[in-house]
Structures are given as structure tokens and as C-alpha cells.
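A.B. asks: Here you go, one structure.
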Amino acid sequence: MSVLIKGGRIVTAADDYVGDVFVDGERISLLGEALDVSASTVIDATGKLVLPGLVDPHTHLDMPFGGTTTIDDVTSGHTAAAFGGTTCHVDFCIQGRGQSFADALAAWHGKRDGKAIIDMGFHIAVTDLSAPGRLDELATLPDQGITSYKLFMAYKGALMVDDQTLFRTMEVAARTGALVMVHAENGDAIDVLVSDALAAGNTAPVYHALTRPPETEGEATNRAIQLARVAGCPLYVVHVSCKESVEPIMLAREKGWDVWGETCTQYFFVDTTFLERPDFEGAKYVYTPPPRDKANQDVLWNAVRTDVLSAISTDHCAFLWDGQKTMGRDDFSKIPNGGPGLENRLHMIHHFGVGEGRITLNRMVELLCTNPAKLFGLYPRKGTIAPGSDADLVIFDPSRRKTITAADQHSKTDYNLYEGTDVTGDVDTVLVRGTVVVEDGELRVEPGFGEFVERARFGEELHAATATA
Ligand code: URP
Ligand code: ZN
Ligand code: ZN
């Protein structure tokens with residue numbers, strides 16, 4: 001099978017030119033102007049952008065959380081992702097307390113077996129190192145292509161770890177070449193603030209934000225940075241939402257420390273006032289860290305523009321409003337934390353980031369594709385358009401208009417964070433490893449097409465296909 005994509009505007013993190021892409025089998029084979037080759041499929045991309053498939057380093061599909069399970073399983077999550085131009089993601093495999101990493105990974109592989117549409121890898125979320133031999137087991141995971149360890153510094157009584165667990169994991173990462181990821185919030189202080197609020201009768205969704213002030217994120221971000229420095233491991237701070245957390249990351253990066261940060265699409269667009277919407281609508285915006293005050297949105301745009309923050313993920317953690325979010329009608333702390341986003345990252349960042357002049361097209365590709373691939377051991381197989389790379393490609397029509405709405409989305413949730421937003425620019429055709437997966441508004445592959453990707457260690461490159469079905 002071969003595919004020739006003709007006359008598109010090919011945009012990578014570094015380049016921007018009009019040309020042809022020739023795909024032979026699963027890989028990009030040739031790039032050039034007016035290529036003189038024949039192909040079994042020819043796609044005219046005149047007037048369109050040809051982008052690398054987006055890589056999302058932060059998602060939660062089919063994850064038990066907050067007394068329920070996220071509504072998107074691997075198939076519905078991947079369908080939403082594919083329609084939004086995401087061709088590869090890294091999901092969190094959560095270790096249950098007392099559970100071995102092997103058992104946790106077997107469970108998460110079970111969730112994807114026969115269900116995947118796009119390619120995916122796993123981070124391991126460490127919750128419990130107390131059993132004998134667990135640290136040694138953690139050290140073996142990079143050999144299975146699990147090259148990032150995630151720790152939650154919040155969600156006390158659920159996923160939260162203490163500093164000793166965090167630090168021991170960091171020490172293992174320093175030896176094994178894994179990247180440590182942190183959800184940075186001070187879970188102990190938040191736990192007190194939540195109890196105080198409930199004791200005072202403050203049960204509405206907005207108290208989710210009021211009990212997680214930005215300082216609790218800033219404190220934990222700084223603590224993680226300093227501990228990573230002592231352990232000597234690289235650190236990636238997930239879902240940075242505010243100035244208090246951006247600043248310590250900026251300082252660390254100015255010093256040349258191995259610290260990176262991501263933010264998520266929603267933090268540019270949703271602010272604390274959304275949580276005050278009447279009739280419990282505010283619960284739709286209960287995710288963690290919470291939506292911040294509007295001034296932080298400019299802080300975040302500036303941070304992604306200047307490489308203080310290096311990636312934009314979705315933190316897709318979707319729940320139904322009706323039936324799941326409503327579990328917390330009388331108590332905000334019972335609203336499952338998380339929101340949807342896999343389908344609209346490119347729409348929103350292209351329109352409001354590139355279209356409104358906040359970032360360049362090249363920087364958009366870097367933030368959504370190339371940097372996530374580099375940081376998580378997928379590059380150059382994923383995240384760019386180059387000979388030898390997987391033919392994960394998005395043909396994007398930059399002038400097609402779209403109104404974002406839950407009514408036509410592919411996620412199983414019943415709402416959209418950006419409901420009614422008009423954007424210019426929409427996904428036309430998506431290829432994963434040379435196969436068209438989305439075309440003419442239709443999904444063209446069956447569940448089971450997507451592969452598991454074993455990722456390279458931090459700072460190493462991933463070349464030959466090491467995927468397994
Ligand atoms: O509210 C969120 N973000 N839910 C998903 C879990 C996490 O903290 O990333
Ligand atoms: Zn988190
Ligand atoms: Zn998350």
C-alpha cells in the first residue's frame with residue numbers, strides 16, 4: 001500500500017513548505033516538490049495543512065476514579081482523538097494499592113486489547129511501594145517500554161503518595177532513565193480546606209476551586225522540582241494551571257535544570273466563574289487543578305510561547321454530567337474530577353493560538369506533536385514529518401468553519417467544555433501508520449487497528465517499529 005499526499009502545506013516544528021508526501025507502507029518514504037511517483041491512493045491536499053499526527057501525553061481512558069469510571073473507553077476515546085487529529089497518546093496505568101506493576105499493566109493492556117484505533121503507550125502511576133521488591137520491579141518497567149513514572153501529590157486517601165514514595169521513585173528514575181511526572185498540588189493542605197468548607201456548609205461546585213488555591217499548586221511544584229534535583233532525575237509537571245506553578249518551572253529552566261511542564265487546552269479558556277454556573281452546570285468544569293482566574297490565561301499563553309511550558313495536553317478524563325458529575329450535587333468533593341478534551345485540542349489551539357497570533361504554526365506543532373513525542377520517547381517515529389517516521393498525518397483545512405458542540409462529538413460524554421465555540425480550521429483526513437483512519441467525516445478502521453508503542457528512555461530516540469497489536 002502506498003499513499004501520495006499532493007500539494008499540501010507541510011508544517012513541522014521547524015519547517016513550513018508546499019510539497020508532496022509519499023508514504024510507502026507504514027512509513028513516510030519521500031518528501032519533495034511535485035514527486036514523480038505513483039501510489040495506490042492519491043490525496044489532493046491543495047490549500048490544506050499537512051501536520052504530524054498529534055501526540056497527547058496525558059489522558060485517562062476507562063479509569064476508575066472518584067467513585068466511578070471515566071466514560072470514554074479506549075474505543076470511544078480513540079475515536080474522539082482521531083477526529084481531532086490525535087494519532088498517538090500515552091495513558092496512565094494506575095497501580096492499585098498493594099498491586100504489582102505487572103498486574104496493573106496486565107489490567108490496562110486488557111482495556112486496550114482489540115479496542116484501539118490509534119497508537120498508544122502507558123505511563124505507570126505509582127501509588128504504593130511498600131511491598132518487598134516493588135522498587136526493583138519499578139526499575140524493570142523501562143525495559144517494557146514504560147519509560148515514565150507518574151506520582152500524584154494530591155487526592156489524599158486515593159491516589160496521593162507521600163514524599164518518601166515520591167523521592168524513592170525519583171531515585172529509581174535517575175538510575176533507569178525514566179521521566180518522573182507529577183500532579184503537583186499539596187494534597188494535605190487541600191484536604192483540610194475541603195473539610196473546613198464542607199463543615200461550614202459550602203457544598204457548591206465553586207468550592208472545588210476555592211479549596212485548591214494556586215499556592216497549593218505552586219508549593220508542590222517547587223517541592224517536586226527541588227526533590228528531583230536531589231535525586232538527579234528529569235521532571236515533568238503535568239497540567240500547570242497558574243502563575244504560582246509557572247514561576248518555579250521558569251526558574252528551574254533558567255538554571256538549566258531538567259524540568260519541563262505542560263498545560264492543557266482548558267486552562268486557556270475556562271476560568272473560575274464557569275464553576276458558578278446555575279443548576280449544577282458548574283460541575284462540568286470540576287477538574288483538577290481547577291479553572292483559575294482569567295489573568296492566568298495570559299500567563300499560560302506567554303509560557304507556551306517562550307518554552308517555559310513545552311507541551312499542551314488534554315488531560316482527557318471524561319465523565320457524564322448527568323449521572324456521574326451529579327453524584328456531587330450535595331457535596332462538591334463527590335463530583336468526579338476531570339473533563340473531556342481529546343477531540344478539540346487542535347481546533348482550539350489552532351484558532352485561538354495561531355489564528356489570533358499568540359503562537360506560530362511551527363510552535364503549535366512543537367507543543368502538540370513534537371515536544372510530547374520527544375519528551376516521552378516517541379520521537380522521531382512520532383511527532384514529525386520526516387523520511388522513516390511513521391506516516392501519522394493530519395490533513396487540516398485551515399479555512400473550514402466549525403461550531404464545537406457535544407451534539408456531534410465522538411466522546412461518550414454528554415457535554416463539551418467549549419460548547420458553541422466557533423472556530424476556523426477543521427480536521428479533514430487522518431492517517432495512522434499510512435492507513436486512512438478518518439476521511440469525509442467517517443471512521444475508516446475497526447477497533448484493534450491501533451498498536452501499543454514501547455517507548456524509548458528519556459532522551460533516547462525511537463526509530464524502528466517496536467509496536468505490537
Ligand atoms: O481532574 C482531573 N485532572 N482528573 C484526572 C486526574 C488528574 O489529576 O489528572
Ligand atoms: Zn492530575
Ligand atoms: Zn490527568
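Within each chain, counting starts at residue 1; across the C-alpha cells, chains are named A, B, ... in the order shown, with ligands numbered 1 upward in that order.
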Give the residues close to ligand 3, within 8 Å, counting only C-alpha atoms and all ligand atoms; write them as an NGL selection string.
C.D. replies: :A and (58-60 or 92 or 183 or 238-239 or 288 or 315-317 or 338)
A.B. asks: Please produce an output containing all heavy atoms for each residue in the selection, written as an mmCIF file, in the first residue's frame.
C.D. replies:
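Heads up, here's the output in part.cif:
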data_model
loop_
_atom_site.group_PDB
_atom_site.id
_atom_site.type_symbol
_atom_site.label_atom_id
_atom_site.label_comp_id
_atom_site.auth_asym_id
_atom_site.auth_seq_id
_atom_site.Cartn_x
_atom_site.Cartn_y
_atom_site.Cartn_z
ATOM 1 N N HIS A 58 -1.208 12.895 27.944
ATOM 2 C CA HIS A 58 -1.927 12.923 29.229
ATOM 3 C C HIS A 58 -3.414 12.649 29.010
ATOM 4 O O HIS A 58 -4.184 13.566 28.671
ATOM 5 C CB HIS A 58 -1.717 14.293 29.886
ATOM 6 C CG HIS A 58 -2.255 14.394 31.275
ATOM 7 N ND1 HIS A 58 -1.823 15.346 32.166
ATOM 8 C CD2 HIS A 58 -3.196 13.692 31.935
ATOM 9 C CE1 HIS A 58 -2.464 15.215 33.311
ATOM 10 N NE2 HIS A 58 -3.315 14.209 33.188
ATOM 11 N N THR A 59 -3.815 11.394 29.239
ATOM 12 C CA THR A 59 -5.225 11.007 29.083
ATOM 13 C C THR A 59 -5.586 9.966 30.142
ATOM 14 O O THR A 59 -4.706 9.294 30.687
ATOM 15 C CB THR A 59 -5.461 10.369 27.699
ATOM 16 O OG1 THR A 59 -4.591 9.245 27.574
ATOM 17 C CG2 THR A 59 -5.215 11.344 26.563
ATOM 18 N N HIS A 60 -6.871 9.817 30.373
ATOM 19 C CA HIS A 60 -7.371 8.814 31.335
ATOM 20 C C HIS A 60 -8.572 8.112 30.705
ATOM 21 O O HIS A 60 -9.711 8.576 30.847
ATOM 22 C CB HIS A 60 -7.812 9.494 32.635
ATOM 23 C CG HIS A 60 -6.750 10.333 33.283
ATOM 24 N ND1 HIS A 60 -5.821 9.816 34.150
ATOM 25 C CD2 HIS A 60 -6.477 11.668 33.193
ATOM 26 C CE1 HIS A 60 -5.020 10.789 34.580
ATOM 27 N NE2 HIS A 60 -5.397 11.928 34.005
ATOM 28 N N PHE A 92 -2.529 6.760 31.430
ATOM 29 C CA PHE A 92 -1.997 6.409 32.753
ATOM 30 C C PHE A 92 -2.513 5.045 33.199
ATOM 31 O O PHE A 92 -3.724 4.858 33.372
ATOM 32 C CB PHE A 92 -2.387 7.470 33.789
ATOM 33 C CG PHE A 92 -1.683 8.769 33.535
ATOM 34 C CD1 PHE A 92 -2.299 9.777 32.820
ATOM 35 C CD2 PHE A 92 -0.381 8.949 33.972
ATOM 36 C CE1 PHE A 92 -1.638 10.964 32.547
ATOM 37 C CE2 PHE A 92 0.288 10.135 33.708
ATOM 38 C CZ PHE A 92 -0.336 11.137 32.997
ATOM 39 N N HIS A 183 1.661 15.207 39.397
ATOM 40 C CA HIS A 183 0.476 16.042 39.617
ATOM 41 C C HIS A 183 0.829 16.838 40.868
ATOM 42 O O HIS A 183 0.861 16.280 41.974
ATOM 43 C CB HIS A 183 -0.760 15.170 39.828
ATOM 44 C CG HIS A 183 -1.967 15.935 40.293
ATOM 45 N ND1 HIS A 183 -3.216 15.786 39.734
ATOM 46 C CD2 HIS A 183 -2.131 16.849 41.291
ATOM 47 C CE1 HIS A 183 -4.089 16.570 40.356
ATOM 48 N NE2 HIS A 183 -3.450 17.235 41.318
ATOM 49 N N VAL A 238 2.740 17.992 35.220
ATOM 50 C CA VAL A 238 1.545 17.930 34.369
ATOM 51 C C VAL A 238 0.573 19.058 34.714
ATOM 52 O O VAL A 238 0.668 19.698 35.750
ATOM 53 C CB VAL A 238 0.828 16.553 34.477
ATOM 54 C CG1 VAL A 238 1.758 15.414 34.123
ATOM 55 C CG2 VAL A 238 0.197 16.346 35.846
ATOM 56 N N HIS A 239 -0.331 19.290 33.834
ATOM 57 C CA HIS A 239 -1.449 20.250 33.923
ATOM 58 C C HIS A 239 -1.156 21.496 34.787
ATOM 59 O O HIS A 239 -1.883 21.799 35.747
ATOM 60 C CB HIS A 239 -2.755 19.579 34.338
ATOM 61 C CG HIS A 239 -2.761 18.688 35.543
ATOM 62 N ND1 HIS A 239 -2.103 18.974 36.693
ATOM 63 C CD2 HIS A 239 -3.406 17.511 35.770
ATOM 64 C CE1 HIS A 239 -2.332 18.021 37.580
ATOM 65 N NE2 HIS A 239 -3.110 17.116 37.031
ATOM 66 N N THR A 288 -9.059 19.030 38.008
ATOM 67 C CA THR A 288 -8.003 19.383 38.940
ATOM 68 C C THR A 288 -6.642 19.460 38.260
ATOM 69 O O THR A 288 -6.317 18.529 37.521
ATOM 70 C CB THR A 288 -7.940 18.304 40.053
ATOM 71 O OG1 THR A 288 -9.247 18.203 40.634
ATOM 72 C CG2 THR A 288 -6.950 18.644 41.110
ATOM 73 N N ASP A 315 -5.455 16.107 29.204
ATOM 74 C CA ASP A 315 -5.915 15.530 30.479
ATOM 75 C C ASP A 315 -7.346 15.030 30.317
ATOM 76 O O ASP A 315 -8.193 15.216 31.197
ATOM 77 C CB ASP A 315 -5.797 16.559 31.608
ATOM 78 C CG ASP A 315 -5.965 15.937 32.988
ATOM 79 O OD1 ASP A 315 -6.069 14.702 33.085
ATOM 80 O OD2 ASP A 315 -6.000 16.695 33.975
ATOM 81 N N HIS A 316 -7.605 14.407 29.163
ATOM 82 C CA HIS A 316 -8.964 13.908 28.888
ATOM 83 C C HIS A 316 -9.353 12.890 29.953
ATOM 84 O O HIS A 316 -8.758 11.819 30.059
ATOM 85 C CB HIS A 316 -8.998 13.267 27.496
ATOM 86 C CG HIS A 316 -10.351 12.795 27.053
ATOM 87 N ND1 HIS A 316 -11.230 13.589 26.340
ATOM 88 C CD2 HIS A 316 -10.984 11.607 27.217
ATOM 89 C CE1 HIS A 316 -12.333 12.907 26.086
ATOM 90 N NE2 HIS A 316 -12.215 11.692 26.606
ATOM 91 N N CYS A 317 -10.344 13.240 30.747
ATOM 92 C CA CYS A 317 -10.790 12.411 31.873
ATOM 93 C C CYS A 317 -12.287 12.663 31.942
ATOM 94 O O CYS A 317 -12.779 13.423 32.775
ATOM 95 C CB CYS A 317 -10.059 12.877 33.140
ATOM 96 S SG CYS A 317 -10.386 11.872 34.589
ATOM 97 N N GLY A 338 -12.479 15.808 36.547
ATOM 98 C CA GLY A 338 -11.976 15.564 35.199
ATOM 99 C C GLY A 338 -12.906 16.132 34.166
ATOM 100 O O GLY A 338 -14.094 16.366 34.435
#
A.B. asks: Just want the 6 Å neighbourhood of region 153-166 of chain A, counted on only C-alpha atoms, with same-chain residues fewer than 2 positions away dropped. Output as a PDB file with N, CA and C atoms, in the first residue's frame.
C.D. replies:
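Here's the written file around.pdb:
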ATOM      1  N   THR A 127       1.465   4.201  43.143  1.00  0.00           N
ATOM      2  CA  THR A 127       0.711   4.601  44.337  1.00  0.00           C
ATOM      3  C   THR A 127       1.236   3.940  45.609  1.00  0.00           C
ATOM      4  N   ARG A 168      11.656   8.162  46.485  1.00  0.00           N
ATOM      5  CA  ARG A 168      12.219   6.851  46.112  1.00  0.00           C
ATOM      6  C   ARG A 168      12.002   6.581  44.617  1.00  0.00           C
ATOM      7  N   THR A 169      10.851   6.959  44.125  1.00  0.00           N
ATOM      8  CA  THR A 169      10.581   6.784  42.684  1.00  0.00           C
ATOM      9  C   THR A 169      11.556   7.635  41.867  1.00  0.00           C
ATOM     10  N   HIS A 183       1.661  15.207  39.397  1.00  0.00           N
ATOM     11  CA  HIS A 183       0.476  16.042  39.617  1.00  0.00           C
ATOM     12  C   HIS A 183       0.829  16.838  40.868  1.00  0.00           C
ATOM     13  N   ALA A 184       1.117  18.120  40.692  1.00  0.00           N
ATOM     14  CA  ALA A 184       1.682  18.917  41.775  1.00  0.00           C
ATOM     15  C   ALA A 184       0.611  19.790  42.437  1.00  0.00           C
ATOM     16  N   GLU A 185       0.091  19.303  43.542  1.00  0.00           N
ATOM     17  CA  GLU A 185      -0.764  20.090  44.433  1.00  0.00           C
ATOM     18  C   GLU A 185      -0.493  19.557  45.834  1.00  0.00           C
ATOM     19  N   ASN A 186      -0.588  20.410  46.845  1.00  0.00           N
ATOM     20  CA  ASN A 186      -0.387  19.951  48.223  1.00  0.00           C
ATOM     21  C   ASN A 186      -1.684  19.304  48.729  1.00  0.00           C
ATOM     22  N   GLY A 187      -1.721  17.971  48.627  1.00  0.00           N
ATOM     23  CA  GLY A 187      -2.944  17.237  48.952  1.00  0.00           C
ATOM     24  C   GLY A 187      -3.329  17.321  50.419  1.00  0.00           C
TER      25      GLY A 187
END
A.B. asks: Taking into account only C-alpha atoms, which residue in the set A:Thr176, A:Ser310, A:Ser2, A:Thr403 is nearest to Thr147 (chain A)?
C.D. replies: A:Thr176
A.B. asks: A:Val50, A:Ala39, A:Val365, A:Val126: which is nearest Ile10 (chain A), counting only C-alpha atoms?
C.D. replies: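 Result for the nearest residue to Ile10 (chain A): A:Val50.
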A.B. asks: Enumerate as a list of chain:residue names all residues of region 321-410 of chain A assigned to alpha helix (DSSP H) by DSSP on the backbone, naming them with the chain letters and numbers the document uses.
C.D. replies: A:Arg345, A:Leu346, A:His347, A:Met348, A:Leu361, A:Asn362, A:Arg363, A:Met364, A:Val365, A:Asn371, A:Pro372, A:Ala373, A:Lys374, A:Leu375
A.B. asks: Report, in Å to a single decimal, how far apart CA of Ser76 (chain A) and CA of Ile118 (chain A) are.
C.D. replies: 11.0 Å
A.B. asks: Determine the nearest neighbour of Ala189 (chain A) from the options A:Glu442, A:Met170, A:Arg212, A:Thr265, counting only C-alpha atoms.
C.D. replies: A:Arg212
A.B. asks: Which one of A:Ile28, A:Ala318, A:Ile117, A:Ile146 sits closest to ligand 1 if you count only C-alpha atoms and all ligand atoms?
C.D. replies: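 Among the listed residues, A:Ala318 lies closest to ligand 1.
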A.B. asks: From the set A:Pro398, A:Pro205, A:Pro340, A:Thr424, which residue has the shortest atom-to-atom contact distance to Gly328 (chain A), counting only C-alpha atoms?
C.D. replies: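 Under the stated criterion, the closest residue is A:Pro205.
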A.B. asks: DSSP says strand (DSSP E or B) for which residues of region 340-441 of chain A? Put them as a list in words?
C.D. replies: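 Secondary structure check on region 340-441 of chain A, strand (DSSP E or B): Pro380, Asp390, Leu393, Val394, Ile395, Phe396, Asp397, Pro398, Ser399, Arg400, Arg401, Lys402, Thr403, Asp422, Val423, Thr424, Gly425, Asp426, Val427, Asp428, Thr429, Val430, Leu431, Val432, Thr435, Val436, Val437, Val438 and Glu439 of chain A.
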A.B. asks: Pick the closest to Ala13 (chain A) from A:Leu367, A:Met250, A:Ala199, A:Ala116: which is it, counting only C-alpha atoms?
C.D. replies: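 Closest candidate: A:Leu367.
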A.B. asks: Find the residues near Ala407 (chain A): any atom within 9 Å, counting only C-alpha atoms, skip ones fewer than 4 places away on the same chain, and give them as a list in words.
C.D. replies: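 Residues meeting the cut-off are Asp414, Tyr415 and Asn416 of chain A.
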A.B. asks: At a cut-off of 9 Å, using only C-alpha atoms, what residues contact Val270 (chain A)? Leave out same-chain residues fewer than 3 positions from it and give the result as an MDAnalysis selection string.
C.D. replies: chainID A and resid 266:267 273:274 285 291:294 297 417:418
A.B. asks: Can you spit out the residues from that selection as an mmCIF file, in the first residue's frame, using all heavy atoms?
C.D. replies:
data_model
loop_
_atom_site.group_PDB
_atom_site.id
_atom_site.type_symbol
_atom_site.label_atom_id
_atom_site.label_comp_id
_atom_site.auth_asym_id
_atom_site.auth_seq_id
_atom_site.Cartn_x
_atom_site.Cartn_y
_atom_site.Cartn_z
ATOM 1 N N GLN A 266 -7.852 23.361 28.269
ATOM 2 C CA GLN A 266 -8.939 24.006 29.018
ATOM 3 C C GLN A 266 -8.474 25.182 29.869
ATOM 4 O O GLN A 266 -9.244 26.108 30.124
ATOM 5 C CB GLN A 266 -9.680 22.976 29.890
ATOM 6 C CG GLN A 266 -8.838 22.159 30.843
ATOM 7 C CD GLN A 266 -8.294 20.868 30.218
ATOM 8 O OE1 GLN A 266 -8.115 20.795 29.006
ATOM 9 N NE2 GLN A 266 -8.003 19.870 31.033
ATOM 10 N N TYR A 267 -7.211 25.177 30.293
ATOM 11 C CA TYR A 267 -6.752 26.263 31.169
ATOM 12 C C TYR A 267 -6.628 27.602 30.435
ATOM 13 O O TYR A 267 -6.559 28.648 31.070
ATOM 14 C CB TYR A 267 -5.440 25.881 31.861
ATOM 15 C CG TYR A 267 -5.648 24.731 32.826
ATOM 16 C CD1 TYR A 267 -5.131 23.465 32.560
ATOM 17 C CD2 TYR A 267 -6.405 24.899 33.980
ATOM 18 C CE1 TYR A 267 -5.358 22.400 33.427
ATOM 19 C CE2 TYR A 267 -6.640 23.845 34.848
ATOM 20 C CZ TYR A 267 -6.111 22.599 34.562
ATOM 21 O OH TYR A 267 -6.354 21.556 35.419
ATOM 22 N N THR A 273 -15.087 31.398 37.133
ATOM 23 C CA THR A 273 -16.514 31.787 37.116
ATOM 24 C C THR A 273 -17.397 30.704 36.476
ATOM 25 O O THR A 273 -18.588 30.642 36.754
ATOM 26 C CB THR A 273 -16.733 33.125 36.371
ATOM 27 O OG1 THR A 273 -16.308 32.965 35.011
ATOM 28 C CG2 THR A 273 -15.946 34.261 37.011
ATOM 29 N N PHE A 274 -16.806 29.862 35.609
ATOM 30 C CA PHE A 274 -17.604 28.792 34.988
ATOM 31 C C PHE A 274 -18.192 27.858 36.058
ATOM 32 O O PHE A 274 -19.242 27.261 35.867
ATOM 33 C CB PHE A 274 -16.769 27.959 34.011
ATOM 34 C CG PHE A 274 -16.472 28.616 32.684
ATOM 35 C CD1 PHE A 274 -15.987 29.910 32.599
ATOM 36 C CD2 PHE A 274 -16.663 27.911 31.507
ATOM 37 C CE1 PHE A 274 -15.702 30.501 31.378
ATOM 38 C CE2 PHE A 274 -16.383 28.486 30.272
ATOM 39 C CZ PHE A 274 -15.903 29.793 30.212
ATOM 40 N N TYR A 285 -17.151 21.742 35.006
ATOM 41 C CA TYR A 285 -15.794 22.321 34.993
ATOM 42 C C TYR A 285 -14.995 21.940 36.239
ATOM 43 O O TYR A 285 -13.984 22.562 36.549
ATOM 44 C CB TYR A 285 -15.901 23.848 34.821
ATOM 45 C CG TYR A 285 -16.821 24.198 33.665
ATOM 46 C CD1 TYR A 285 -18.157 24.531 33.885
ATOM 47 C CD2 TYR A 285 -16.368 24.092 32.351
ATOM 48 C CE1 TYR A 285 -19.021 24.772 32.827
ATOM 49 C CE2 TYR A 285 -17.225 24.336 31.288
ATOM 50 C CZ TYR A 285 -18.542 24.676 31.538
ATOM 51 O OH TYR A 285 -19.394 24.909 30.479
ATOM 52 N N PRO A 291 -10.148 25.304 37.224
ATOM 53 C CA PRO A 291 -10.050 26.520 36.421
ATOM 54 C C PRO A 291 -9.637 27.685 37.324
ATOM 55 O O PRO A 291 -10.141 27.809 38.439
ATOM 56 C CB PRO A 291 -11.474 26.702 35.889
ATOM 57 C CG PRO A 291 -12.116 25.354 35.980
ATOM 58 C CD PRO A 291 -11.481 24.680 37.166
ATOM 59 N N ARG A 292 -8.726 28.501 36.841
ATOM 60 C CA ARG A 292 -8.169 29.617 37.650
ATOM 61 C C ARG A 292 -8.791 30.937 37.225
ATOM 62 O O ARG A 292 -9.535 30.989 36.241
ATOM 63 C CB ARG A 292 -6.651 29.679 37.446
ATOM 64 C CG ARG A 292 -5.909 28.407 37.827
ATOM 65 C CD ARG A 292 -6.048 28.115 39.300
ATOM 66 N NE ARG A 292 -5.176 27.003 39.723
ATOM 67 C CZ ARG A 292 -5.220 26.464 40.926
ATOM 68 N NH1 ARG A 292 -6.072 26.895 41.839
ATOM 69 N NH2 ARG A 292 -4.424 25.461 41.241
ATOM 70 N N ASP A 293 -8.378 32.018 37.891
ATOM 71 C CA ASP A 293 -8.932 33.303 37.459
ATOM 72 C C ASP A 293 -8.313 33.680 36.113
ATOM 73 O O ASP A 293 -7.235 33.223 35.744
ATOM 74 C CB ASP A 293 -8.852 34.376 38.539
ATOM 75 C CG ASP A 293 -7.466 34.894 38.762
ATOM 76 O OD1 ASP A 293 -6.722 35.050 37.781
ATOM 77 O OD2 ASP A 293 -7.111 35.140 39.933
ATOM 78 N N LYS A 294 -9.051 34.518 35.378
ATOM 79 C CA LYS A 294 -8.769 34.751 33.966
ATOM 80 C C LYS A 294 -7.346 35.252 33.706
ATOM 81 O O LYS A 294 -6.759 34.990 32.642
ATOM 82 C CB LYS A 294 -9.803 35.748 33.430
ATOM 83 C CG LYS A 294 -10.298 35.381 32.051
ATOM 84 C CD LYS A 294 -11.445 36.259 31.622
ATOM 85 C CE LYS A 294 -11.704 36.183 30.125
ATOM 86 N NZ LYS A 294 -11.458 34.909 29.485
ATOM 87 N N GLN A 297 -4.718 33.059 32.186
ATOM 88 C CA GLN A 297 -4.739 32.599 30.788
ATOM 89 C C GLN A 297 -3.618 33.251 29.980
ATOM 90 O O GLN A 297 -2.943 32.586 29.190
ATOM 91 C CB GLN A 297 -6.123 32.844 30.179
ATOM 92 C CG GLN A 297 -7.181 31.993 30.889
ATOM 93 C CD GLN A 297 -8.599 32.229 30.441
ATOM 94 O OE1 GLN A 297 -8.882 33.045 29.551
ATOM 95 N NE2 GLN A 297 -9.547 31.535 31.071
ATOM 96 N N LEU A 417 -16.654 21.116 26.922
ATOM 97 C CA LEU A 417 -16.175 22.296 27.662
ATOM 98 C C LEU A 417 -16.272 23.578 26.829
ATOM 99 O O LEU A 417 -16.329 24.674 27.380
ATOM 100 C CB LEU A 417 -14.709 22.102 28.072
ATOM 101 C CG LEU A 417 -14.389 21.019 29.106
ATOM 102 C CD1 LEU A 417 -12.884 20.907 29.296
ATOM 103 C CD2 LEU A 417 -15.074 21.323 30.438
ATOM 104 N N TYR A 418 -16.276 23.428 25.494
ATOM 105 C CA TYR A 418 -16.216 24.604 24.603
ATOM 106 C C TYR A 418 -17.522 24.765 23.819
ATOM 107 O O TYR A 418 -17.535 25.310 22.710
ATOM 108 C CB TYR A 418 -15.018 24.475 23.650
ATOM 109 C CG TYR A 418 -13.775 23.992 24.359
ATOM 110 C CD1 TYR A 418 -13.222 22.741 24.077
ATOM 111 C CD2 TYR A 418 -13.172 24.760 25.350
ATOM 112 C CE1 TYR A 418 -12.101 22.279 24.755
ATOM 113 C CE2 TYR A 418 -12.061 24.301 26.034
ATOM 114 C CZ TYR A 418 -11.532 23.061 25.737
ATOM 115 O OH TYR A 418 -10.440 22.599 26.422
#
A.B. asks: Can you tell me which residues surround region 253-255 of chain A at a distance of at most 12 Å, considering only C-alpha atoms, apart from same-chain residues fewer than 2 positions away, and format the answer as a list in words?
C.D. replies: Ile225, Arg229, Pro234, Leu235, Tyr236, Val246, Glu247, Pro248, Ile249, Met250, Leu251, Trp257, Asp258, Val259, Trp260, Gly261, Ala303, Thr306, Asp307, Val308, Leu309 and Ser310 of chain A
